[in-house]
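Undergrad: The structure under discussion is supplied below as structure tokens; questions concerning it will follow.
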Amino acid sequence: MNPALWAAKTGLDAQQTRMTVVSHNLANVNTTGFKRGRAVFEDLLYQNIRQVGSQTSQDTQYPTGMHLGTGVRVVATEKIYQQGSLVESTEPLDLAIEGRGFFQILLPDGTIAYTRAGEFQLDSQGQVVTASGYALQPPINIPPDATSISMGRDGTVSAVLAGASTPTQIGTLQLVDFINPAGLQPKGENLLLESAASGAPQVGTPGLNGLGSLLQGELEASNVNVAQELVDMIETQRAYEMNSKAIATTDQMLQYITNNL
Amino acid sequence: MDKMLYVAMTGAKQVMQAQGINNHNIANANTTGFRADLHGFGSFPIYGDGYPTRVNAVVEDNGFDAGVGTLATTGRDLDVAVMGSGWIAVQDANGKEAYTRMGNLQLTESGLLQTAGGHPVLGDGGAVSIPPINEIAIGGDGTISVVPQGLGPETVSTVARIKLVDPDRSTLVKGNDGLFRLKSGATAPASTDVRLVAGTLESSNVNLPQALISMIELSRMFDLEVRAMTTAEQTEAVATKLLSVA
């Protein structure tokens, strides 16, 4: 049917998607290690009605062409990897990454996922797991008789065992980095998966080769900026209203012609 | 038969097409770096036997609105906005040079700098490719400096410079893919006067209140065309009645 209607309809769709992204960001304003998303728009292909420069006579040509835009599309919903603020907690197993990098998490199906949410717990075997119970990689096992655990900025995990006066090293944490972290595929549960766009994971020691350092007893807060989201929401709503107004007007034009002819 | 009906019909059809252009602008009110399409109407007299009494209205593409959108701070390293006039050179689907103001750039897994639409950004020596990095910064003149992966901040080095151009507005035309090119098909020379602002995005330059007024105006024009068609019908009806036998 009428291209005027369809162009406005794509606008409604795009604004609706943007609203979903904004709501998702706002819903995760208190999710540890969450990175805000952003809807990226691009204008849709143009239809050539009259070719620019085509001849109007043997010696003259149209100075401008005539092409009709067909609307807008959401080309991506990308994650913005800005550091969230660090919040102090007193839990010894809370870890924050200051700088680039991700923790590696072993999923039950054997694949490795990546996260920046460092709210780790212990399972029944003393292994360090995420809040969902997935094991941190490389595995760290805390002996049952450990009286205190400390994790260094470079990932060294040591524990003071009962009866001992000096700490013993019980494991080493590693972080991974990607060339294009924005290309990681969000999976939910604070987890991200490697994709063709992210590049291969590069494992390294925290604090070296550009990887961030580990901070024990701190958590990285969500990087959602509430004020920014509210402004985005207003912008989205107004644009949505204008698009629905455009549909209503085009509809009235068509209605007028059917009623009057 | 009276051609009034056809003149009005052409008018209505063209107004509807103009409404399509306007709706496209409204749909792109939140598209980064989008330039609004302008339309106008031209008169096309119909020549033939007798006097050229009939003039059709035809909607014309008046190019694009070159006005600058507003800048919004995002803080992301790879978001750039062109300040004032100027364009970022990118490679289109055919490998040719084209221009855009959509500055939400991204890195691919192979280190290629791209626009969000997947067009590689061009530097002084072809597509810009970035080595594995810790930090990246884009300077005001398009210079990209990086701290290579695994090295400290003392190792900042320049890897490329984004090609920025500033051809005359009248020589540019918007292509079907939304990218801009020179009408002549040539490539524009790099300009040192164009400024980029990193950590910022330029909004669409669609003026929503103006688009709304334009929408109302087109809608009323359409009503008038339909009214002219109704009048033509009534005139025909009266003529038929007058000329009917008995």
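Please note that chains go A, B, ... in the order of the structure tokens, that every chain numbers its residues from 1, and that ligands are numbered from 1 in the order shown.
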So that I can check the secondary structure, give me every residue of range 148-248 of chain A assigned alpha helix (DSSP H) by backbone DSSP, as a PyMOL selection string.
TA: chain A and resi 226-248
Undergrad: Save out the residues we just selected, N, CA, C and O atoms, as a short mmCIF file (atom, residue, chain, number, x, y, z; two decimals), in the first residue's frame.
TA:
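Produced file part-v7.cif, reproduced below:
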data_model
loop_
_atom_site.label_atom_id
_atom_site.label_comp_id
_atom_site.auth_asym_id
_atom_site.auth_seq_id
_atom_site.Cartn_x
_atom_site.Cartn_y
_atom_site.Cartn_z
N VAL A 226 20.93 6.83 34.91
CA VAL A 226 19.48 6.99 34.94
C VAL A 226 19.04 8.26 34.22
O VAL A 226 18.07 8.25 33.45
N ALA A 227 19.77 9.35 34.42
CA ALA A 227 19.39 10.61 33.79
C ALA A 227 19.42 10.48 32.27
O ALA A 227 18.49 10.89 31.56
N GLN A 228 20.48 9.83 31.78
CA GLN A 228 20.62 9.62 30.33
C GLN A 228 19.45 8.79 29.79
O GLN A 228 18.89 9.09 28.74
N GLU A 229 19.08 7.73 30.54
CA GLU A 229 18.00 6.86 30.08
C GLU A 229 16.68 7.62 30.03
O GLU A 229 15.87 7.42 29.14
N LEU A 230 16.47 8.51 31.03
CA LEU A 230 15.22 9.26 31.05
C LEU A 230 15.13 10.21 29.87
O LEU A 230 14.08 10.34 29.24
N VAL A 231 16.26 10.86 29.54
CA VAL A 231 16.26 11.74 28.37
C VAL A 231 15.99 10.93 27.10
O VAL A 231 15.20 11.32 26.25
N ASP A 232 16.64 9.77 27.01
CA ASP A 232 16.42 8.88 25.85
C ASP A 232 14.95 8.49 25.75
O ASP A 232 14.38 8.39 24.67
N MET A 233 14.34 8.26 26.93
CA MET A 233 12.95 7.81 26.97
C MET A 233 12.03 8.92 26.45
O MET A 233 11.12 8.66 25.67
N ILE A 234 12.31 10.16 26.87
CA ILE A 234 11.50 11.30 26.40
C ILE A 234 11.63 11.43 24.88
O ILE A 234 10.65 11.55 24.16
N GLU A 235 12.89 11.35 24.42
CA GLU A 235 13.15 11.49 22.99
C GLU A 235 12.40 10.40 22.22
O GLU A 235 11.78 10.66 21.19
N THR A 236 12.46 9.16 22.74
CA THR A 236 11.80 8.04 22.09
C THR A 236 10.29 8.25 22.04
O THR A 236 9.64 8.04 21.02
N GLN A 237 9.73 8.68 23.19
CA GLN A 237 8.28 8.84 23.26
C GLN A 237 7.79 9.90 22.28
O GLN A 237 6.81 9.68 21.56
N ARG A 238 8.51 11.04 22.23
CA ARG A 238 8.08 12.12 21.32
C ARG A 238 8.17 11.66 19.87
O ARG A 238 7.29 11.94 19.06
N ALA A 239 9.25 10.95 19.55
CA ALA A 239 9.41 10.48 18.17
C ALA A 239 8.32 9.47 17.84
O ALA A 239 7.77 9.45 16.73
N TYR A 240 7.95 8.64 18.82
CA TYR A 240 6.88 7.65 18.62
C TYR A 240 5.57 8.36 18.32
O TYR A 240 4.83 8.00 17.40
N GLU A 241 5.29 9.41 19.13
CA GLU A 241 4.05 10.17 18.94
C GLU A 241 3.98 10.79 17.55
O GLU A 241 2.94 10.75 16.89
N MET A 242 5.12 11.35 17.11
CA MET A 242 5.14 11.98 15.79
C MET A 242 4.89 10.96 14.70
O MET A 242 4.18 11.24 13.73
N ASN A 243 5.46 9.75 14.85
CA ASN A 243 5.27 8.72 13.84
C ASN A 243 3.82 8.26 13.80
O ASN A 243 3.27 8.02 12.72
N SER A 244 3.19 8.15 14.97
CA SER A 244 1.79 7.70 14.95
C SER A 244 0.92 8.82 14.39
O SER A 244 -0.08 8.56 13.72
N LYS A 245 1.32 10.08 14.63
CA LYS A 245 0.60 11.23 14.05
C LYS A 245 0.70 11.16 12.52
O LYS A 245 -0.26 11.42 11.81
N ALA A 246 1.90 10.80 12.03
CA ALA A 246 2.11 10.70 10.58
C ALA A 246 1.22 9.62 9.99
O ALA A 246 0.64 9.79 8.91
N ILE A 247 1.07 8.51 10.72
CA ILE A 247 0.20 7.42 10.23
C ILE A 247 -1.25 7.90 10.21
O ILE A 247 -1.97 7.72 9.22
N ALA A 248 -1.66 8.59 11.29
CA ALA A 248 -3.04 9.06 11.38
C ALA A 248 -3.35 10.04 10.24
O ALA A 248 -4.41 9.95 9.60
#
Undergrad: DSSP on the backbone: which residues in range 66-111 of chain A end up as strand (DSSP E or B)? Give the answer as a compact mmCIF listing (two decimals) with N, CA, C and O atoms, in the first residue's frame.
TA:
# COMPACT_ATOMS: atom_id res chain seq x y z
N MET A 66 14.84 12.05 -7.97
CA MET A 66 13.70 11.99 -7.06
C MET A 66 13.79 10.63 -6.41
O MET A 66 13.62 9.60 -7.04
N HIS A 67 14.22 10.59 -5.14
CA HIS A 67 14.17 9.30 -4.50
C HIS A 67 13.42 9.37 -3.19
O HIS A 67 13.46 10.37 -2.48
N LEU A 68 12.72 8.32 -2.92
CA LEU A 68 11.78 8.26 -1.82
C LEU A 68 12.38 7.35 -0.75
O LEU A 68 12.67 6.20 -1.01
N GLY A 69 12.57 7.91 0.43
CA GLY A 69 13.08 7.09 1.52
C GLY A 69 11.99 6.15 2.01
O GLY A 69 10.81 6.44 1.89
N VAL A 72 13.15 3.77 8.51
CA VAL A 72 14.31 3.60 9.38
C VAL A 72 14.38 2.15 9.84
O VAL A 72 13.37 1.45 9.82
N ARG A 73 15.56 1.68 10.22
CA ARG A 73 15.67 0.35 10.81
C ARG A 73 16.65 0.39 11.96
O ARG A 73 17.54 1.25 12.01
N VAL A 74 16.49 -0.54 12.87
CA VAL A 74 17.45 -0.68 13.96
C VAL A 74 18.54 -1.58 13.44
O VAL A 74 18.29 -2.74 13.12
N VAL A 75 19.75 -1.04 13.31
CA VAL A 75 20.82 -1.84 12.70
C VAL A 75 21.55 -2.64 13.78
O VAL A 75 22.10 -3.70 13.51
N ALA A 76 21.52 -2.17 15.03
CA ALA A 76 22.21 -2.90 16.10
C ALA A 76 21.70 -2.42 17.45
O ALA A 76 21.16 -1.33 17.57
N THR A 77 21.83 -3.27 18.44
CA THR A 77 21.69 -2.82 19.82
C THR A 77 23.01 -3.15 20.47
O THR A 77 23.26 -4.27 20.86
N GLU A 78 23.88 -2.14 20.53
CA GLU A 78 25.25 -2.41 20.97
C GLU A 78 25.39 -2.12 22.46
O GLU A 78 24.68 -1.32 23.04
N LYS A 79 26.35 -2.82 23.07
CA LYS A 79 26.67 -2.61 24.48
C LYS A 79 27.75 -1.55 24.60
O LYS A 79 28.69 -1.53 23.81
N LEU A 86 32.81 1.56 41.21
CA LEU A 86 33.15 0.44 42.10
C LEU A 86 32.50 0.67 43.46
O LEU A 86 32.58 1.77 44.02
N VAL A 87 31.84 -0.35 43.95
CA VAL A 87 31.13 -0.24 45.21
C VAL A 87 31.77 -1.18 46.21
O VAL A 87 32.01 -2.36 45.92
N GLU A 88 32.04 -0.67 47.36
CA GLU A 88 32.69 -1.45 48.41
C GLU A 88 31.69 -2.46 48.98
O GLU A 88 30.53 -2.13 49.24
N ASP A 94 33.69 -11.22 46.68
CA ASP A 94 33.24 -10.21 45.71
C ASP A 94 34.47 -9.65 45.00
O ASP A 94 35.41 -9.20 45.64
N LEU A 95 34.42 -9.69 43.67
CA LEU A 95 35.56 -9.23 42.88
C LEU A 95 35.10 -8.22 41.84
O LEU A 95 34.06 -8.39 41.21
N ALA A 96 35.88 -7.17 41.66
CA ALA A 96 35.60 -6.22 40.59
C ALA A 96 36.81 -6.16 39.68
O ALA A 96 37.93 -6.34 40.13
N ILE A 97 36.56 -5.93 38.38
CA ILE A 97 37.67 -5.75 37.44
C ILE A 97 37.78 -4.26 37.18
O ILE A 97 36.83 -3.61 36.78
N GLU A 98 38.96 -3.72 37.44
CA GLU A 98 39.19 -2.31 37.18
C GLU A 98 39.96 -2.21 35.88
O GLU A 98 41.16 -2.43 35.85
N ARG A 100 39.95 -3.29 31.53
CA ARG A 100 39.41 -4.24 30.55
C ARG A 100 39.43 -5.66 31.11
O ARG A 100 40.21 -5.96 32.01
N PHE A 102 37.33 -9.86 31.35
CA PHE A 102 36.15 -10.61 31.76
C PHE A 102 36.58 -11.83 32.56
O PHE A 102 37.66 -12.37 32.34
N PHE A 103 35.72 -12.29 33.47
CA PHE A 103 35.92 -13.57 34.12
C PHE A 103 35.43 -14.66 33.18
O PHE A 103 34.51 -14.45 32.39
N GLN A 104 36.02 -15.85 33.29
CA GLN A 104 35.55 -16.99 32.49
C GLN A 104 34.69 -17.87 33.37
O GLN A 104 35.07 -18.20 34.49
N ILE A 105 33.54 -18.27 32.84
CA ILE A 105 32.59 -19.07 33.60
C ILE A 105 32.28 -20.33 32.80
O ILE A 105 32.00 -20.25 31.60
N LEU A 106 32.35 -21.48 33.45
CA LEU A 106 32.05 -22.75 32.77
C LEU A 106 30.55 -23.02 32.90
O LEU A 106 30.02 -23.13 34.01
Undergrad: For range 111-118 of chain B, work out the shell of residues within 6 Å, counting only C-alpha atoms and skipping chain neighbours fewer than 6 positions away, then give it as number ranges by chain.
TA: B: 104-105, 128-130
Undergrad: Would you mind listing, for every residue of chain B within 8 Å of chain A, the two atoms forming the shortest contact and the distance between them in Å to one decimal, using only C-alpha atoms, sorted by chain and ascending residue number, as JSON lines?
TA:
{"residue": "B:Met16", "atom": "CA", "partner": "A:Ala4", "partner_atom": "CA", "distance": 7.2}
{"residue": "B:Gln17", "atom": "CA", "partner": "A:Ala4", "partner_atom": "CA", "distance": 7.0}
{"residue": "B:Gln19", "atom": "CA", "partner": "A:Ala4", "partner_atom": "CA", "distance": 6.0}
{"residue": "B:Gly20", "atom": "CA", "partner": "A:Ala4", "partner_atom": "CA", "distance": 3.7}
{"residue": "B:Ile21", "atom": "CA", "partner": "A:Leu68", "partner_atom": "CA", "distance": 5.9}
{"residue": "B:Asn23", "atom": "CA", "partner": "A:Ala8", "partner_atom": "CA", "distance": 5.3}
{"residue": "B:His24", "atom": "CA", "partner": "A:Gly71", "partner_atom": "CA", "distance": 4.7}
{"residue": "B:Asn25", "atom": "CA", "partner": "A:Gly71", "partner_atom": "CA", "distance": 7.6}
{"residue": "B:Ile26", "atom": "CA", "partner": "A:Asn243", "partner_atom": "CA", "distance": 6.3}
{"residue": "B:Ala27", "atom": "CA", "partner": "A:Gly11", "partner_atom": "CA", "distance": 4.0}
{"residue": "B:Asn28", "atom": "CA", "partner": "A:Val72", "partner_atom": "CA", "distance": 5.7}
{"residue": "B:Ala29", "atom": "CA", "partner": "A:Ala239", "partner_atom": "CA", "distance": 6.5}
{"residue": "B:Asn30", "atom": "CA", "partner": "A:Phe41", "partner_atom": "CA", "distance": 7.3}
{"residue": "B:Thr31", "atom": "CA", "partner": "A:Phe41", "partner_atom": "CA", "distance": 5.0}
{"residue": "B:Thr32", "atom": "CA", "partner": "A:Phe41", "partner_atom": "CA", "distance": 6.8}
{"residue": "B:Phe34", "atom": "CA", "partner": "A:Asp43", "partner_atom": "CA", "distance": 7.5}
{"residue": "B:Glu60", "atom": "CA", "partner": "A:Met66", "partner_atom": "CA", "distance": 6.2}
{"residue": "B:Asp61", "atom": "CA", "partner": "A:Met66", "partner_atom": "CA", "distance": 4.9}
{"residue": "B:Asn62", "atom": "CA", "partner": "A:Thr64", "partner_atom": "CA", "distance": 6.8}
{"residue": "B:Gly63", "atom": "CA", "partner": "A:Thr64", "partner_atom": "CA", "distance": 7.0}
{"residue": "B:Arg76", "atom": "CA", "partner": "A:Ile80", "partner_atom": "CA", "distance": 7.2}
{"residue": "B:Leu107", "atom": "CA", "partner": "A:Asn180", "partner_atom": "CA", "distance": 5.9}
{"residue": "B:Thr108", "atom": "CA", "partner": "A:Ala197", "partner_atom": "CA", "distance": 6.0}
{"residue": "B:Glu109", "atom": "CA", "partner": "A:Gly199", "partner_atom": "CA", "distance": 4.5}
{"residue": "B:Ser110", "atom": "CA", "partner": "A:Gly199", "partner_atom": "CA", "distance": 7.2}
{"residue": "B:Gly111", "atom": "CA", "partner": "A:Ile179", "partner_atom": "CA", "distance": 7.1}
{"residue": "B:Ala116", "atom": "CA", "partner": "A:Val40", "partner_atom": "CA", "distance": 7.1}
{"residue": "B:Gly117", "atom": "CA", "partner": "A:Val75", "partner_atom": "CA", "distance": 6.6}
{"residue": "B:Pro132", "atom": "CA", "partner": "A:Ile179", "partner_atom": "CA", "distance": 6.1}
{"residue": "B:Ile133", "atom": "CA", "partner": "A:Ile179", "partner_atom": "CA", "distance": 7.5}
{"residue": "B:Asn134", "atom": "CA", "partner": "A:Gly210", "partner_atom": "CA", "distance": 5.4}
{"residue": "B:Gln149", "atom": "CA", "partner": "A:Gly210", "partner_atom": "CA", "distance": 5.5}
{"residue": "B:Gly150", "atom": "CA", "partner": "A:Asn209", "partner_atom": "CA", "distance": 3.1}
{"residue": "B:Leu151", "atom": "CA", "partner": "A:Asn209", "partner_atom": "CA", "distance": 6.3}
{"residue": "B:Gly152", "atom": "CA", "partner": "A:Gly210", "partner_atom": "CA", "distance": 7.8}
{"residue": "B:Gly175", "atom": "CA", "partner": "A:Tyr46", "partner_atom": "CA", "distance": 7.5}
{"residue": "B:Asn176", "atom": "CA", "partner": "A:Tyr46", "partner_atom": "CA", "distance": 4.4}
{"residue": "B:Asp177", "atom": "CA", "partner": "A:Leu45", "partner_atom": "CA", "distance": 5.1}
{"residue": "B:Gly178", "atom": "CA", "partner": "A:Asp43", "partner_atom": "CA", "distance": 6.3}
{"residue": "B:Leu208", "atom": "CA", "partner": "A:Met242", "partner_atom": "CA", "distance": 7.7}
{"residue": "B:Leu212", "atom": "CA", "partner": "A:Met242", "partner_atom": "CA", "distance": 7.6}
{"residue": "B:Met215", "atom": "CA", "partner": "A:Ala246", "partner_atom": "CA", "distance": 7.2}
{"residue": "B:Ile216", "atom": "CA", "partner": "A:Thr249", "partner_atom": "CA", "distance": 7.7}
{"residue": "B:Ser219", "atom": "CA", "partner": "A:Met253", "partner_atom": "CA", "distance": 6.2}
{"residue": "B:Phe222", "atom": "CA", "partner": "A:Met253", "partner_atom": "CA", "distance": 6.8}
{"residue": "B:Asp223", "atom": "CA", "partner": "A:Tyr256", "partner_atom": "CA", "distance": 6.9}
{"residue": "B:Val226", "atom": "CA", "partner": "A:Ile257", "partner_atom": "CA", "distance": 6.2}
{"residue": "B:Arg227", "atom": "CA", "partner": "A:Asn260", "partner_atom": "CA", "distance": 7.7}
{"residue": "B:Met229", "atom": "CA", "partner": "A:Leu261", "partner_atom": "CA", "distance": 7.5}
{"residue": "B:Thr230", "atom": "CA", "partner": "A:Leu261", "partner_atom": "CA", "distance": 6.1}
Undergrad: Residues at most 10 Å from Gly133 in chain A, counting only C-alpha atoms, excluding those fewer than 5 positions away in the same chain, as a ChimeraX atom specification?
TA: /A:105-108,120-123,127-128
Undergrad: For Val194 in chain B, find every residue with an atom within 8 Å (counting only C-alpha atoms), except residues of its own chain fewer than 6 positions away, and show them as a list in words.
TA: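 Near neighbours after the sequence-gap exclusion: Val82, Met83, Gly84, Ser85, Gly86, Trp87, Asp141, Leu164, Val165 and Asp166 of chain B.
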Undergrad: Only C-alpha atoms, please: the residues just picked out, written as a PDB file, in the first residue's frame.
TA:
ATOM      1  CA  VAL B  82      31.566  16.243  12.858  1.00  0.00           C
ATOM      2  CA  MET B  83      31.481  19.796  14.142  1.00  0.00           C
ATOM      3  CA  GLY B  84      29.992  22.244  11.631  1.00  0.00           C
ATOM      4  CA  SER B  85      30.259  21.255   7.993  1.00  0.00           C
ATOM      5  CA  GLY B  86      32.227  18.250   6.811  1.00  0.00           C
ATOM      6  CA  TRP B  87      31.916  14.527   6.232  1.00  0.00           C
ATOM      7  CA  ASP B 141      41.489  16.307  13.093  1.00  0.00           C
ATOM      8  CA  LEU B 164      37.538  14.077   6.461  1.00  0.00           C
ATOM      9  CA  VAL B 165      36.187  16.009   3.504  1.00  0.00           C
ATOM     10  CA  ASP B 166      34.234  19.201   3.062  1.00  0.00           C
TER      11      ASP B 166
END
Undergrad: Pick out the residues sitting within 9 Å of Thr100 in chain B, and hand them over as a list in words; count only C-alpha atoms, and ignore anything fewer than 4 positions along from it in its own chain.
TA: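 Answer for this query is Gly33, Phe34, Trp87, Ile88, Ala89, Val90, Gly178, Leu179, Phe180 and Arg181 of chain B.
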Undergrad: For each of B:Gly125, B:Val80, B:Gln91, B:Gly185, take the minimum atom-to-atom distance to Ala137 in chain B, counting only C-alpha atoms, then give the residue where this is smallest.
TA: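 Closest candidate: B:Val80.
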Undergrad: Which residues are close to range 134-147 of chain A, i.e. within 12 Å by only C-alpha atoms, leaving aside same-chain residues fewer than 6 positions away? Reply as a compact mmCIF listing (two decimals) with N, CA and C atoms, in the first residue's frame.
TA:
# COMPACT_ATOMS: atom_id res chain seq x y z
N PRO A 92 34.47 -11.45 51.05
CA PRO A 92 35.80 -11.74 50.51
C PRO A 92 35.74 -12.29 49.09
N LEU A 93 34.59 -12.83 48.68
CA LEU A 93 34.51 -13.43 47.34
C LEU A 93 33.94 -12.46 46.31
N LEU A 95 34.42 -9.69 43.67
CA LEU A 95 35.56 -9.23 42.88
C LEU A 95 35.10 -8.22 41.84
N PHE A 102 37.33 -9.86 31.35
CA PHE A 102 36.15 -10.61 31.76
C PHE A 102 36.58 -11.83 32.56
N PHE A 103 35.72 -12.29 33.47
CA PHE A 103 35.92 -13.57 34.12
C PHE A 103 35.43 -14.66 33.18
N GLN A 104 36.02 -15.85 33.29
CA GLN A 104 35.55 -16.99 32.49
C GLN A 104 34.69 -17.87 33.37
N ILE A 105 33.54 -18.27 32.84
CA ILE A 105 32.59 -19.07 33.60
C ILE A 105 32.28 -20.33 32.80
N LEU A 106 32.35 -21.48 33.45
CA LEU A 106 32.05 -22.75 32.77
C LEU A 106 30.55 -23.02 32.90
N LEU A 107 29.88 -23.11 31.75
CA LEU A 107 28.44 -23.40 31.77
C LEU A 107 28.23 -24.90 31.90
N PRO A 108 27.03 -25.33 32.34
CA PRO A 108 26.78 -26.76 32.51
C PRO A 108 26.98 -27.55 31.21
N ASP A 109 26.77 -26.91 30.03
CA ASP A 109 26.93 -27.65 28.77
C ASP A 109 28.39 -27.68 28.31
N GLY A 110 29.31 -27.16 29.13
CA GLY A 110 30.72 -27.28 28.79
C GLY A 110 31.29 -26.09 28.05
N THR A 111 30.45 -25.14 27.62
CA THR A 111 30.99 -23.97 26.94
C THR A 111 31.41 -22.93 27.97
N ILE A 112 32.26 -22.02 27.52
CA ILE A 112 32.75 -20.97 28.41
C ILE A 112 31.99 -19.68 28.10
N ALA A 113 31.48 -19.05 29.15
CA ALA A 113 30.84 -17.75 28.99
C ALA A 113 31.69 -16.73 29.73
N TYR A 114 31.41 -15.45 29.50
CA TYR A 114 32.23 -14.39 30.08
C TYR A 114 31.35 -13.41 30.84
N THR A 115 31.87 -12.87 31.91
CA THR A 115 31.07 -11.94 32.70
C THR A 115 31.98 -10.94 33.39
N ARG A 116 31.40 -9.81 33.78
CA ARG A 116 32.11 -8.85 34.61
C ARG A 116 31.47 -8.76 35.99
N ALA A 117 30.41 -9.55 36.19
CA ALA A 117 29.74 -9.53 37.49
C ALA A 117 30.52 -10.44 38.44
N GLY A 118 31.10 -9.86 39.48
CA GLY A 118 32.00 -10.64 40.34
C GLY A 118 31.42 -11.03 41.68
N GLU A 119 30.12 -11.29 41.73
CA GLU A 119 29.52 -11.72 43.01
C GLU A 119 29.65 -13.23 43.13
N PHE A 120 30.82 -13.69 43.57
CA PHE A 120 31.04 -15.13 43.61
C PHE A 120 30.65 -15.72 44.96
N GLN A 121 30.31 -17.00 44.94
CA GLN A 121 29.92 -17.73 46.15
C GLN A 121 30.69 -19.05 46.18
N LEU A 122 30.51 -19.80 47.23
CA LEU A 122 31.08 -21.14 47.29
C LEU A 122 29.96 -22.16 47.13
N ASP A 123 30.25 -23.26 46.44
CA ASP A 123 29.24 -24.34 46.38
C ASP A 123 29.57 -25.38 47.46
N SER A 124 28.83 -26.48 47.45
CA SER A 124 28.97 -27.46 48.53
C SER A 124 30.35 -28.10 48.56
N GLN A 125 31.08 -28.10 47.39
CA GLN A 125 32.42 -28.69 47.37
C GLN A 125 33.51 -27.66 47.67
N GLY A 126 33.10 -26.43 47.94
CA GLY A 126 34.10 -25.40 48.22
C GLY A 126 34.63 -24.73 46.97
N GLN A 127 33.97 -24.99 45.83
CA GLN A 127 34.43 -24.37 44.59
C GLN A 127 33.80 -22.98 44.42
N VAL A 128 34.57 -22.06 43.83
CA VAL A 128 34.05 -20.70 43.62
C VAL A 128 33.12 -20.71 42.41
N GLY A 155 45.48 -11.63 40.63
CA GLY A 155 44.72 -12.87 40.53
C GLY A 155 45.20 -13.98 41.44
N THR A 156 46.24 -13.74 42.23
CA THR A 156 46.72 -14.79 43.14
C THR A 156 45.70 -14.99 44.26
N VAL A 157 45.27 -16.24 44.44
CA VAL A 157 44.31 -16.53 45.51
C VAL A 157 45.06 -17.26 46.62
N SER A 158 45.03 -16.72 47.82
CA SER A 158 45.69 -17.42 48.92
C SER A 158 44.74 -17.50 50.11
N ALA A 159 44.99 -18.50 50.95
CA ALA A 159 44.12 -18.70 52.10
C ALA A 159 44.99 -19.01 53.31
N VAL A 160 44.51 -18.58 54.44
CA VAL A 160 45.18 -18.96 55.70
C VAL A 160 44.43 -20.17 56.23
N LEU A 161 45.13 -21.30 56.33
CA LEU A 161 44.48 -22.53 56.79
C LEU A 161 44.52 -22.60 58.31
N ALA A 162 43.57 -23.34 58.84
CA ALA A 162 43.48 -23.45 60.30
C ALA A 162 44.80 -23.97 60.88
N GLY A 163 45.29 -23.34 61.89
CA GLY A 163 46.52 -23.78 62.54
C GLY A 163 47.76 -23.17 61.94
N ALA A 164 47.67 -22.62 60.71
CA ALA A 164 48.86 -22.03 60.09
C ALA A 164 48.87 -20.54 60.33
N SER A 165 50.08 -19.99 60.31
CA SER A 165 50.15 -18.55 60.55
C SER A 165 50.38 -17.77 59.25
N THR A 166 50.91 -18.45 58.20
CA THR A 166 51.14 -17.75 56.93
C THR A 166 50.16 -18.27 55.88
N PRO A 167 49.77 -17.40 54.94
CA PRO A 167 48.83 -17.83 53.89
C PRO A 167 49.49 -18.78 52.88
N THR A 168 48.69 -19.68 52.31
CA THR A 168 49.15 -20.62 51.30
C THR A 168 48.46 -20.25 49.98
N GLN A 169 49.21 -20.27 48.87
CA GLN A 169 48.56 -19.98 47.58
C GLN A 169 47.74 -21.19 47.15
N ILE A 170 46.46 -20.96 46.84
CA ILE A 170 45.60 -22.10 46.47
C ILE A 170 45.11 -22.01 45.04
N GLY A 171 45.47 -20.96 44.32
CA GLY A 171 45.05 -20.90 42.93
C GLY A 171 45.37 -19.54 42.32
N THR A 172 45.16 -19.45 41.01
CA THR A 172 45.40 -18.18 40.31
C THR A 172 44.21 -17.90 39.39
N LEU A 173 43.69 -16.69 39.49
CA LEU A 173 42.59 -16.27 38.62
C LEU A 173 43.15 -15.68 37.33
N GLN A 174 42.46 -15.94 36.23
CA GLN A 174 42.88 -15.33 34.98
C GLN A 174 41.72 -14.56 34.38
N LEU A 175 42.03 -13.55 33.61
CA LEU A 175 41.00 -12.78 32.91
C LEU A 175 41.19 -12.97 31.41
N VAL A 176 40.14 -12.68 30.64
CA VAL A 176 40.29 -12.71 29.19
C VAL A 176 39.86 -11.37 28.63
N GLU A 189 21.60 -13.77 32.51
CA GLU A 189 22.31 -14.20 33.72
C GLU A 189 23.67 -13.50 33.85
N ASN A 190 23.79 -12.27 33.36
CA ASN A 190 25.05 -11.50 33.38
C ASN A 190 26.14 -12.12 32.52
N LEU A 191 25.79 -13.09 31.67
CA LEU A 191 26.82 -13.80 30.91
C LEU A 191 26.85 -13.33 29.46
N VAL A 203 43.60 -14.92 26.88
CA VAL A 203 43.70 -15.13 28.32
C VAL A 203 44.97 -14.47 28.84
N GLY A 204 44.88 -13.89 30.03
CA GLY A 204 46.08 -13.27 30.59
C GLY A 204 45.96 -13.08 32.08
N THR A 205 47.08 -12.63 32.65
CA THR A 205 47.14 -12.35 34.09
C THR A 205 46.57 -10.97 34.35
Undergrad: How many Å separate CA of Glu91 in chain A from CA of Ala221 in chain A?
TA: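 Going from CA of Glu91 in chain A over to CA of Ala221 in chain A, I get 15.1 Å.
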Undergrad: Find the distance between CA of Gly95 in chain B and CA of Thr187 in chain B and write it in Å to one decimal.
TA: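 Taking CA of Gly95 in chain B as the start and CA of Thr187 in chain B as the end point, the length is 12.4 Å.
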Undergrad: Rank nothing, just name the residue among B:Leu218, B:Thr231, B:Pro45, B:Ser244 nearest to Lys13 in chain B, using only C-alpha atoms.
TA: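 Using only C-alpha atoms, Lys13 in chain B sits closest to B:Leu218.
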Undergrad: Measuring atom to atom with only C-alpha atoms, identify which of B:Ala8, B:Ile162, B:Leu243, B:Ala98 is nearest to Thr143 in chain B.
TA: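 When distances to Thr143 in chain B are compared using only C-alpha atoms, the smallest one comes from B:Ile162.
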